[in-house]
$ cat input04.txt   # compact mmCIF, C-alpha atoms
# COMPACT_ATOMS: atom_id res chain seq x y z
CA MET A 1 -3.02 1.31 -23.83
CA ARG A 2 -3.00 5.07 -24.40
CA SER A 3 -1.33 6.55 -27.44
CA TRP A 4 2.43 6.74 -26.96
CA CYS A 5 2.51 9.87 -29.08
CA VAL A 6 0.04 11.63 -26.81
CA ALA A 7 1.85 10.38 -23.70
CA ALA A 8 5.20 11.59 -25.02
CA LEU A 9 3.82 15.02 -25.85
CA ALA A 10 2.19 15.24 -22.42
CA ALA A 11 5.45 14.31 -20.71
CA CYS A 12 7.32 16.98 -22.63
CA PHE A 13 4.70 19.59 -21.78
CA VAL A 14 4.79 18.76 -18.09
CA ALA A 15 8.59 18.85 -18.04
CA LEU A 16 8.44 22.37 -19.44
CA ALA A 17 5.62 23.40 -17.12
CA LEU A 18 7.31 22.18 -13.96
CA ALA A 19 10.95 22.79 -14.77
CA SER A 20 12.95 25.45 -12.91
CA PRO A 21 12.15 28.23 -12.22
CA ALA A 22 8.52 27.09 -12.25
CA LEU A 23 9.27 24.71 -9.38
CA ALA A 24 9.68 27.82 -7.25
CA ASP A 25 5.93 28.24 -7.69
CA PRO A 26 4.19 25.94 -5.18
CA ASP A 27 0.96 26.27 -7.18
CA ALA A 28 2.41 24.99 -10.47
CA LEU A 29 0.70 21.60 -10.21
CA TRP A 30 -2.64 23.09 -9.20
CA ASN A 31 -2.53 25.64 -12.01
CA LEU A 32 -1.75 22.91 -14.53
CA VAL A 33 -4.55 20.61 -13.40
CA SER A 34 -7.23 23.23 -12.73
CA GLY A 35 -6.28 25.59 -15.55
CA GLN A 36 -5.53 23.13 -18.34
CA CYS A 37 -6.29 19.45 -17.73
CA VAL A 38 -9.79 19.88 -16.29
CA PRO A 39 -11.00 22.56 -18.75
CA SER A 40 -9.65 20.53 -21.68
CA GLN A 41 -11.43 17.40 -20.45
CA GLN A 42 -14.67 19.32 -19.96
CA ALA A 43 -14.56 21.10 -23.31
CA LYS A 44 -12.98 18.50 -25.59
CA HIS A 45 -12.94 15.20 -23.66
CA ASP A 46 -9.17 15.49 -23.90
CA PRO A 47 -7.23 15.50 -20.58
CA SER A 48 -4.03 16.93 -22.05
CA PRO A 49 -1.52 17.71 -20.73
CA CYS A 50 -2.64 15.16 -18.13
CA LEU A 51 -2.88 11.49 -19.00
CA MET A 52 -6.38 11.22 -17.59
CA VAL A 53 -8.99 13.31 -15.79
CA ASP A 54 -11.78 11.56 -13.92
CA LEU A 55 -14.32 14.33 -13.38
CA ALA A 56 -16.70 12.12 -11.42
CA GLY A 57 -13.92 10.68 -9.27
CA GLY A 58 -12.33 14.08 -8.74
CA TYR A 59 -8.75 13.32 -9.72
CA ALA A 60 -6.25 13.59 -12.55
CA VAL A 61 -3.23 11.49 -13.51
CA LEU A 62 -0.16 13.36 -14.70
CA LYS A 63 3.20 12.12 -15.99
CA ASP A 64 5.89 13.54 -13.71
CA GLU A 65 9.05 14.98 -15.19
CA SER A 66 11.22 12.88 -12.85
CA GLY A 67 11.97 9.42 -14.17
CA ALA A 68 10.69 7.48 -17.13
CA THR A 69 7.74 5.89 -15.35
CA GLN A 70 6.59 8.06 -12.43
CA VAL A 71 3.05 9.45 -12.47
CA LEU A 72 1.19 11.68 -10.03
CA VAL A 73 -2.42 11.37 -8.89
CA ILE A 74 -3.82 14.81 -8.10
CA PRO A 75 -7.24 15.87 -6.80
CA THR A 76 -9.17 18.20 -9.10
CA THR A 77 -10.34 20.19 -6.08
CA ARG A 78 -8.04 22.42 -4.07
CA ILE A 79 -6.39 20.29 -1.37
CA THR A 80 -3.04 21.62 -0.28
CA GLY A 81 -1.61 18.39 1.13
CA ILE A 82 -1.71 15.73 3.83
CA GLU A 83 -2.58 18.37 6.46
CA SER A 84 -5.94 19.20 4.84
CA PRO A 85 -8.93 18.38 7.12
CA ALA A 86 -10.92 17.58 3.96
CA LEU A 87 -9.00 14.32 3.63
CA LEU A 88 -10.44 13.07 6.93
CA ASP A 89 -14.03 13.85 5.98
CA PRO A 90 -15.93 10.54 5.84
CA ALA A 91 -17.24 11.49 2.39
CA SER A 92 -13.83 12.33 0.91
CA PRO A 93 -12.62 10.22 -2.04
CA ASN A 94 -9.99 7.58 -1.45
CA TYR A 95 -7.26 9.06 -3.60
CA TRP A 96 -4.93 6.21 -2.59
CA ALA A 97 -7.24 3.69 -4.24
CA ASP A 98 -7.16 5.85 -7.38
CA ALA A 99 -3.37 6.02 -7.16
CA TRP A 100 -3.11 2.24 -6.94
CA LYS A 101 -5.14 2.00 -10.15
CA ALA A 102 -2.72 4.45 -11.76
CA ARG A 103 0.04 1.84 -11.43
CA HIS A 104 -1.12 0.70 -14.86
CA ASP A 105 0.18 3.99 -16.26
CA VAL A 106 3.56 3.20 -14.71
CA GLU A 107 3.41 -0.17 -16.45
CA THR A 108 2.56 1.53 -19.74
CA PHE A 109 5.66 3.72 -19.51
CA ALA A 110 7.75 0.71 -18.43
CA HIS A 111 6.46 -1.33 -21.40
CA ARG A 112 5.76 -4.29 -19.15
CA ASP A 113 3.69 -5.63 -16.29
CA ILE A 114 5.19 -4.88 -12.88
CA PRO A 115 4.73 -7.16 -9.85
CA ARG A 116 2.74 -5.45 -7.09
CA GLU A 117 5.61 -5.79 -4.63
CA ASP A 118 7.78 -3.66 -6.95
CA LEU A 119 5.41 -0.68 -6.79
CA ALA A 120 4.74 1.96 -4.16
CA LEU A 121 2.78 5.16 -3.57
CA ALA A 122 3.97 8.12 -1.51
CA VAL A 123 2.83 11.47 -0.13
CA ASN A 124 5.42 13.77 1.42
CA SER A 125 5.00 15.91 4.52
CA ILE A 126 4.54 19.67 4.36
CA TYR A 127 8.32 19.97 4.82
CA GLY A 128 9.17 17.36 2.20
CA ARG A 129 7.17 18.70 -0.73
CA SER A 130 7.62 21.47 -3.26
CA GLN A 131 3.98 21.78 -4.34
CA ASP A 132 0.96 22.96 -2.36
CA GLN A 133 -1.53 20.71 -4.12
CA LEU A 134 -1.92 17.17 -2.87
CA HIS A 135 -0.23 14.70 -5.17
CA ILE A 136 0.48 11.01 -4.71
CA HIS A 137 3.68 9.73 -6.29
CA VAL A 138 3.26 6.39 -8.08
CA ASP A 139 6.38 4.53 -9.19
CA CYS A 140 8.74 1.64 -8.55
CA ILE A 141 9.94 0.96 -5.03
CA ARG A 142 13.63 0.93 -4.15
CA PRO A 143 14.97 -2.64 -4.32
CA ASP A 144 16.59 -2.39 -0.88
CA VAL A 145 13.33 -1.15 0.64
CA ARG A 146 11.35 -3.95 -0.98
CA ASP A 147 13.83 -6.54 0.28
CA ALA A 148 13.86 -5.07 3.80
CA LEU A 149 10.06 -5.12 3.96
CA ASN A 150 10.04 -8.74 2.79
CA MET A 151 12.46 -9.65 5.59
CA ALA A 152 10.38 -7.80 8.19
CA GLU A 153 6.98 -9.02 6.98
CA ASP A 154 6.27 -11.33 9.92
CA ARG A 155 6.87 -8.44 12.33
CA ILE A 156 4.36 -6.10 10.69
CA GLY A 157 0.86 -6.39 12.10
CA PRO A 158 -2.60 -4.96 11.39
CA THR A 159 -2.10 -1.87 13.59
CA TRP A 160 0.51 0.87 13.53
CA ALA A 161 3.76 0.00 15.31
CA PRO A 162 7.41 1.09 14.99
CA LEU A 163 9.34 -0.86 12.39
CA ASP A 164 12.47 -2.37 13.89
CA ILE A 165 14.61 -1.71 10.81
CA ALA A 166 15.61 1.48 9.01
CA LEU A 167 14.41 2.22 5.49
CA ALA A 168 16.65 4.57 3.51
CA GLY A 169 18.14 5.69 6.83
CA HIS A 170 14.81 6.49 8.50
CA ARG A 171 12.69 4.73 11.10
CA TYR A 172 9.09 4.26 10.01
CA ARG A 173 5.93 3.00 11.64
CA ALA A 174 4.21 0.23 9.73
CA MET A 175 0.99 -1.74 9.42
CA ARG A 176 -0.29 -4.30 6.96
CA LEU A 177 -3.47 -4.55 4.95
CA THR A 178 -4.64 -7.62 3.09
CA GLY A 179 -6.48 -7.64 -0.21
CA GLU A 180 -5.91 -7.07 -3.90
CA ASP A 181 -7.03 -3.43 -3.73
CA LEU A 182 -7.51 -0.75 -1.10
CA GLY A 183 -11.25 -0.40 -1.66
CA ASP A 184 -12.61 2.07 0.89
CA ARG A 185 -9.61 1.72 3.21
CA ASP A 186 -8.03 5.16 3.10
CA PRO A 187 -4.45 5.40 4.48
CA PHE A 188 -4.99 9.05 5.47
CA LYS A 189 -7.87 8.02 7.70
CA LEU A 190 -6.09 4.88 8.92
CA LEU A 191 -3.14 6.97 10.08
CA ALA A 192 -5.29 9.63 11.75
CA SER A 193 -7.49 7.08 13.54
CA GLY A 194 -4.61 4.82 14.57
CA ASP A 195 -2.09 7.39 15.78
CA PRO A 196 -3.29 10.32 17.95
CA THR A 197 0.06 12.06 17.60
CA ALA A 198 -0.24 11.99 13.82
CA LEU A 199 -3.81 13.25 13.99
CA ALA A 200 -2.69 16.24 16.04
CA ALA A 201 -0.22 17.34 13.33
CA MET A 202 -0.93 15.59 10.05
CA GLY A 203 1.20 18.09 8.14
CA LEU A 204 4.31 16.58 9.73
CA GLU A 205 3.49 13.12 8.41
CA THR A 206 4.62 11.30 5.30
CA LEU A 207 2.79 8.21 4.08
CA VAL A 208 3.90 5.36 1.85
CA VAL A 209 1.80 2.46 0.57
CA ALA A 210 3.91 -0.42 -0.72
CA GLY A 211 2.39 -3.26 -2.68
CA ALA A 212 3.06 -6.65 -1.12
CA VAL A 213 2.66 -10.37 -1.62
CA PHE A 214 2.79 -12.00 1.79
CA SER A 215 4.52 -15.29 2.60
CA ASP A 216 1.25 -17.22 2.27
CA GLY A 217 0.88 -15.92 -1.29
CA SER A 218 -1.92 -13.47 -0.48
CA PRO A 219 -1.81 -9.93 -1.91
CA GLY A 220 -1.84 -6.85 0.26
CA PHE A 221 -0.10 -3.66 1.22
CA ILE A 222 2.38 -2.40 3.78
CA LEU A 223 1.62 1.12 5.03
CA LEU A 224 4.52 3.22 6.30
CA SER A 225 4.49 6.56 8.10
CA ASP A 226 7.19 8.87 9.36
CA ARG A 227 7.13 12.25 11.09
CA ALA A 228 9.12 15.30 10.07
CA ASP A 229 11.65 16.69 12.53
CA PRO A 230 12.79 20.07 11.22
CA SER A 231 15.19 20.50 14.14
CA ASN A 232 17.14 17.48 12.85
CA HIS A 233 16.69 18.43 9.19
CA ASP A 234 14.38 15.49 8.58
CA PRO A 235 11.64 16.60 6.12
CA ALA A 236 9.78 13.25 6.20
CA SER A 237 9.84 12.58 2.48
CA GLY A 238 8.44 9.11 1.90
CA GLU A 239 9.12 9.59 -1.78
CA SER A 240 12.72 8.69 -0.93
CA LEU A 241 11.55 5.05 -0.67
CA LEU A 242 10.59 5.16 -4.34
CA ASP A 243 13.05 4.67 -7.18
CA HIS A 244 12.44 6.82 -10.24
CA THR A 245 15.03 4.80 -12.20
CA CYS A 246 13.09 1.56 -11.56
CA GLN A 247 16.09 -0.60 -10.71
CA VAL A 248 13.68 -3.37 -9.64
CA LEU A 249 12.85 -3.91 -13.31
CA ARG A 250 16.43 -4.54 -14.36
CA PRO A 251 17.79 -8.10 -14.60
CA ALA A 252 19.86 -9.21 -11.63
CA ALA A 253 23.60 -9.02 -12.22

$ encode --input "input04.txt" --output "structure tokens"
Amino acid sequence: MRSWCVAALAACFVALALASPALADPDALWNLVSGQCVPSQQAKHDPSPCLMVDLAGGYAVLKDESGATQVLVIPTTRITGIESPALLDPASPNYWADAWKARHDVETFAHRDIPREDLALAVNSIYGRSQDQLHIHVDCIRPDVRDALNMAEDRIGPTWAPLDIALAGHRYRAMRLTGEDLGDRDPFKLLASGDPTALAAMGLETLVVAGAVFSDGSPGFILLSDRADPSNHDPASGESLLDHTCQVLRPAA
């Protein structure tokens, strides 16, 4: 476990750094990571104000100001977002695998272990984000979304297909992956290779990776994608499937 004092100070710093009007600056996250977290890690082996900087892996973990448990996984190189061609390079890191590991930071802030099916990762589309540096949201999943995915599990296969139920009022495409971890299976690449329409305009896409335990007891993931439609005021913000109040951790009434 990391020091709670350090984590609390980091959270306060980030809240100040990203609070309005700084949120009007789409480079606020990048400036924080590249200008403070990385240099501090290099000079002093101290990632502050980030929680962690993996120089070899090329990413940082930062406590987000929203919610008590949410963290962000952010590349330490300049990658604007899901539309970046660098993410489809065969040699690019699998930031989603790093984000799944960062669930342990969510557990640290929650003061408890969290079942995998109660956790999710999300990247918003170019229309659904406020920051122009790729960042993966890591937090609890909405209880209604978790329950809906459990009900639809047997209708979600190993390739992308429309989901026949709405999640938070939106229709997603879904596919399943088996396994405890993502390994080298990168959801960015899986979406681009499995959906030509998405590949043609990745900036319109939002991606969500929900932890799952399937009916046979095996661990895995459900991948969800949706496409922005600015004409209908749909920004494709998969983050809306996450719950920054972590209702899934509260006892049932």

$ atom_distance --input "input04.txt" --atom1 "CA of Leu121 in chain A" --atom2 "CA of Arg78 in chain A"
20.4 Å

$ residues_near_point --input "input04.txt" --point "(-8.9, 20.8, -6.4)" --cutoff "8 Å" --atoms "all atoms listed in the file" --output "list in words"
Trp30, Ser34, Gly58, Pro75, Thr76, Thr77, Arg78, Ile79 and Gln133 of chain A

$ atom_distance --input "input04.txt" --atom1 "CA of Ala120 in chain A" --atom2 "CA of Leu149 in chain A"
12.0 Å

$ residues_around --input "input04.txt" --residues "Pro93 in chain A" --least-positions-apart "5" --cutoff "10 Å" --atoms "only C-alpha atoms" --output "NGL selection string"
:A and (57-59 or 75 or 86-88 or 98 or 184 or 186)

$ closest_atom_pairs --input "input04.txt" --of "range 46-157 of chain A" --to "range 240-246 of chain A" --cutoff "6 Å" --atoms "only C-alpha atoms" --output "tab-separated table"
residue	atom	partner	partner_atom	distance
A:Gly67	CA	A:His244	CA	4.7
A:Cys140	CA	A:Cys246	CA	5.3
A:Ile141	CA	A:Leu242	CA	4.3
A:Arg142	CA	A:Asp243	CA	4.8

$ residues_around --input "input04.txt" --residues "Val33 in chain A" --least-positions-apart "6" --cutoff "9 Å" --atoms "all atoms listed in the file" --output "NGL selection string"
:A and (39 or 49-50 or 53 or 60 or 62 or 74-76)

$ atom_distance --input "input04.txt" --atom1 "CA of Arg112 in chain A" --atom2 "CA of Met151 in chain A"
26.2 Å

$ residues_around --input "input04.txt" --residues "Arg176 in chain A" --least-positions-apart "2" --cutoff "8 Å" --atoms "only C-alpha atoms" --output "ChimeraX atom specification"
/A:156-159,174,178,220-223

$ residues_around --input "input04.txt" --residues "Pro219 in chain A" --least-positions-apart "6" --cutoff "10 Å" --atoms "only C-alpha atoms" --output "PyMOL selection string"
chain A and resi 116-117+177-181+211-213

$ write_last_selection --input "input04.txt" --atoms "C-alpha atoms" --output "compact mmCIF listing (two decimals), keeping the file's coordinate frame"
# COMPACT_ATOMS: atom_id res chain seq x y z
CA ARG A 116 2.74 -5.45 -7.09
CA GLU A 117 5.61 -5.79 -4.63
CA LEU A 177 -3.47 -4.55 4.95
CA THR A 178 -4.64 -7.62 3.09
CA GLY A 179 -6.48 -7.64 -0.21
CA GLU A 180 -5.91 -7.07 -3.90
CA ASP A 181 -7.03 -3.43 -3.73
CA GLY A 211 2.39 -3.26 -2.68
CA ALA A 212 3.06 -6.65 -1.12
CA VAL A 213 2.66 -10.37 -1.62

$ closest_residue --input "input04.txt" --among "A:Pro115, A:Pro143, A:Pro90, A:Pro196" --to "Val248 in chain A" --atoms "all atoms listed in the file"
A:Pro143

$ closest_residue --input "input04.txt" --among "A:Ala91, A:Leu55, A:Val73, A:Ala43" --to "Val123 in chain A" --atoms "all atoms listed in the file"
A:Val73

$ closest_residue --input "input04.txt" --among "A:Val145, A:Met175, A:Val209, A:Val61" --to "Asn124 in chain A" --atoms "all atoms listed in the file"
A:Val209

$ residues_near_point --input "input04.txt" --point "(-4.0, 14.9, -0.7)" --cutoff "6 Å" --atoms "all atoms listed in the file" --output "PDB file with C-alpha atoms, in the coordinates of the input"
ATOM      1  CA  ILE A  79      -6.390  20.290  -1.370  1.00  0.00           C
ATOM      2  CA  GLY A  81      -1.610  18.390   1.130  1.00  0.00           C
ATOM      3  CA  ILE A  82      -1.710  15.730   3.830  1.00  0.00           C
ATOM      4  CA  LEU A 134      -1.920  17.170  -2.870  1.00  0.00           C
ATOM      5  CA  HIS A 135      -0.230  14.700  -5.170  1.00  0.00           C
TER       6      HIS A 135
END

$ closest_residue --input "input04.txt" --among "A:Thr108, A:Ser48, A:Asn31, A:Asn232" --to "Gln131 in chain A" --atoms "only C-alpha atoms"
A:Asn31

$ residues_around --input "input04.txt" --residues "Ile126 in chain A" --least-positions-apart "5" --cutoff "8 Å" --atoms "all atoms listed in the file" --output "CSV table (one decimal) with C-alpha atoms, in the frame of the given file"
chain,number,residue,atom,x,y,z
A,81,GLY,CA,-1.6,18.4,1.1
A,82,ILE,CA,-1.7,15.7,3.8
A,83,GLU,CA,-2.6,18.4,6.5
A,203,GLY,CA,1.2,18.1,8.1
A,204,LEU,CA,4.3,16.6,9.7
A,205,GLU,CA,3.5,13.1,8.4
A,235,PRO,CA,11.6,16.6,6.1

$ closest_residue --input "input04.txt" --among "A:Pro187, A:Pro85, A:Pro251, A:Gly128" --to "Glu239 in chain A" --atoms "only C-alpha atoms"
A:Gly128

$ closest_residue --input "input04.txt" --among "A:Gly35, A:Thr80, A:Ser218, A:Asp105" --to "Ser130 in chain A" --atoms "all atoms listed in the file"
A:Thr80

$ axis_aligned_box --input "input04.txt" --around "range 49-66 of chain A" --padding-each-side "6 Å" --output "JSON"
{"center_x": -2.7, "center_y": 14.2, "center_z": -14.7, "size_x": 39.9, "size_y": 19.0, "size_z": 24.0}

$ build_atoms --input "input04.txt" --residues "range 33-48 of chain A" --atoms "N, CA and C atoms" --output "short mmCIF file (atom, residue, chain, number, x, y, z; two decimals), keeping the file's coordinate frame"
data_model
loop_
_atom_site.label_atom_id
_atom_site.label_comp_id
_atom_site.auth_asym_id
_atom_site.auth_seq_id
_atom_site.Cartn_x
_atom_site.Cartn_y
_atom_site.Cartn_z
N VAL A 33 -3.38 21.49 -13.44
CA VAL A 33 -4.55 20.61 -13.40
C VAL A 33 -5.84 21.42 -13.55
N SER A 34 -5.97 22.47 -12.74
CA SER A 34 -7.23 23.23 -12.73
C SER A 34 -7.36 24.14 -13.95
N GLY A 35 -6.22 24.63 -14.46
CA GLY A 35 -6.28 25.59 -15.55
C GLY A 35 -6.19 24.99 -16.93
N GLN A 36 -5.71 23.72 -17.01
CA GLN A 36 -5.53 23.13 -18.34
C GLN A 36 -6.18 21.75 -18.46
N CYS A 37 -5.79 20.83 -17.58
CA CYS A 37 -6.29 19.45 -17.73
C CYS A 37 -7.81 19.37 -17.59
N VAL A 38 -8.35 19.96 -16.52
CA VAL A 38 -9.79 19.88 -16.29
C VAL A 38 -10.58 20.62 -17.36
N PRO A 39 -10.24 21.88 -17.69
CA PRO A 39 -11.00 22.56 -18.75
C PRO A 39 -10.93 21.83 -20.09
N SER A 40 -9.78 21.26 -20.42
CA SER A 40 -9.65 20.53 -21.68
C SER A 40 -10.52 19.28 -21.69
N GLN A 41 -10.57 18.59 -20.55
CA GLN A 41 -11.43 17.40 -20.45
C GLN A 41 -12.90 17.80 -20.57
N GLN A 42 -13.28 18.88 -19.92
CA GLN A 42 -14.67 19.32 -19.96
C GLN A 42 -15.09 19.78 -21.35
N ALA A 43 -14.21 20.50 -22.03
CA ALA A 43 -14.56 21.10 -23.31
C ALA A 43 -14.38 20.14 -24.49
N LYS A 44 -13.33 19.31 -24.42
CA LYS A 44 -12.98 18.50 -25.59
C LYS A 44 -12.85 17.01 -25.30
N HIS A 45 -13.15 16.60 -24.06
CA HIS A 45 -12.94 15.20 -23.66
C HIS A 45 -11.49 14.77 -23.91
N ASP A 46 -10.60 15.71 -23.71
CA ASP A 46 -9.17 15.49 -23.90
C ASP A 46 -8.47 15.99 -22.63
N PRO A 47 -7.81 15.09 -21.86
CA PRO A 47 -7.23 15.50 -20.58
C PRO A 47 -5.89 16.21 -20.70
N SER A 48 -5.36 16.36 -21.88
CA SER A 48 -4.03 16.93 -22.05
C SER A 48 -3.90 18.28 -21.33
#
